[in-house]
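Single-structure report; data block below.
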Amino acid sequence: RHQSEGVVVQINKVQRTGPVVRVTTSVMDANMEITVELPHLHHDVSQFQVGANLRLRLQLFSVFSRATAVIPAPSPTVVTAPVLIGRERIRA
């Protein structure tokens, strides 16, 4: 193993929820953020502490680009008379 393998990151946030630990990191010397998800029982999970500097070897992880959602402009609201549903039965 070479010491230069991987990407040096600083841990910004650690969220332990459900079956995974979600870690938000900042890549050192780059304006980029990486989110890492790993199971609670992963042997490296204890290394992910806020403020820690770690070297991530990306060949051990799946890396996905962040999807940017395109949100369409809202259409004007047209107000119409409400439709009555669930009418009560007429009782005799």
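Every chain in the structure tokens has a letter given in the order shown (A, B, ...), and although residue numbers restart at 1 in each chain, ligands are simply numbered from 1 in the order shown.
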### Message
If we count only C-alpha atoms and set the cut-off at 10 Å, which residues sit around region 41-43 of chain A, ignoring sequence neighbours fewer than 6 positions away in its own chain? Please answer as a ChimeraX atom specification.
### Response
/A:19-21
Written selection (C-alpha atoms) as a PDB file, in the first residue's frame:
ATOM      1  CA  PRO A  19     -28.868   0.216   9.350  1.00  0.00           C
ATOM      2  CA  VAL A  20     -26.155   2.599   8.104  1.00  0.00           C
ATOM      3  CA  VAL A  21     -23.811   5.311   9.268  1.00  0.00           C
TER       4      VAL A  21
END
### Task
Skip Arg22 (chain A) itself and residues of its chain fewer than 2 positions away, then list as a ChimeraX atom specification all residues within 8 Å of it, counting only C-alpha atoms.
/A:14-17,20,24,35-38
## Note on the structure
Taken to one decimal, the CA of Leu56 (chain A)-CA of Glu33 (chain A) distance is 12.7 Å
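Between Met28 (chain A) and the candidates A:Gly6, A:Lys13, A:His40, A:Val45, the tightest atom-to-atom separation, counting only C-alpha atoms, involves A:Gly6.
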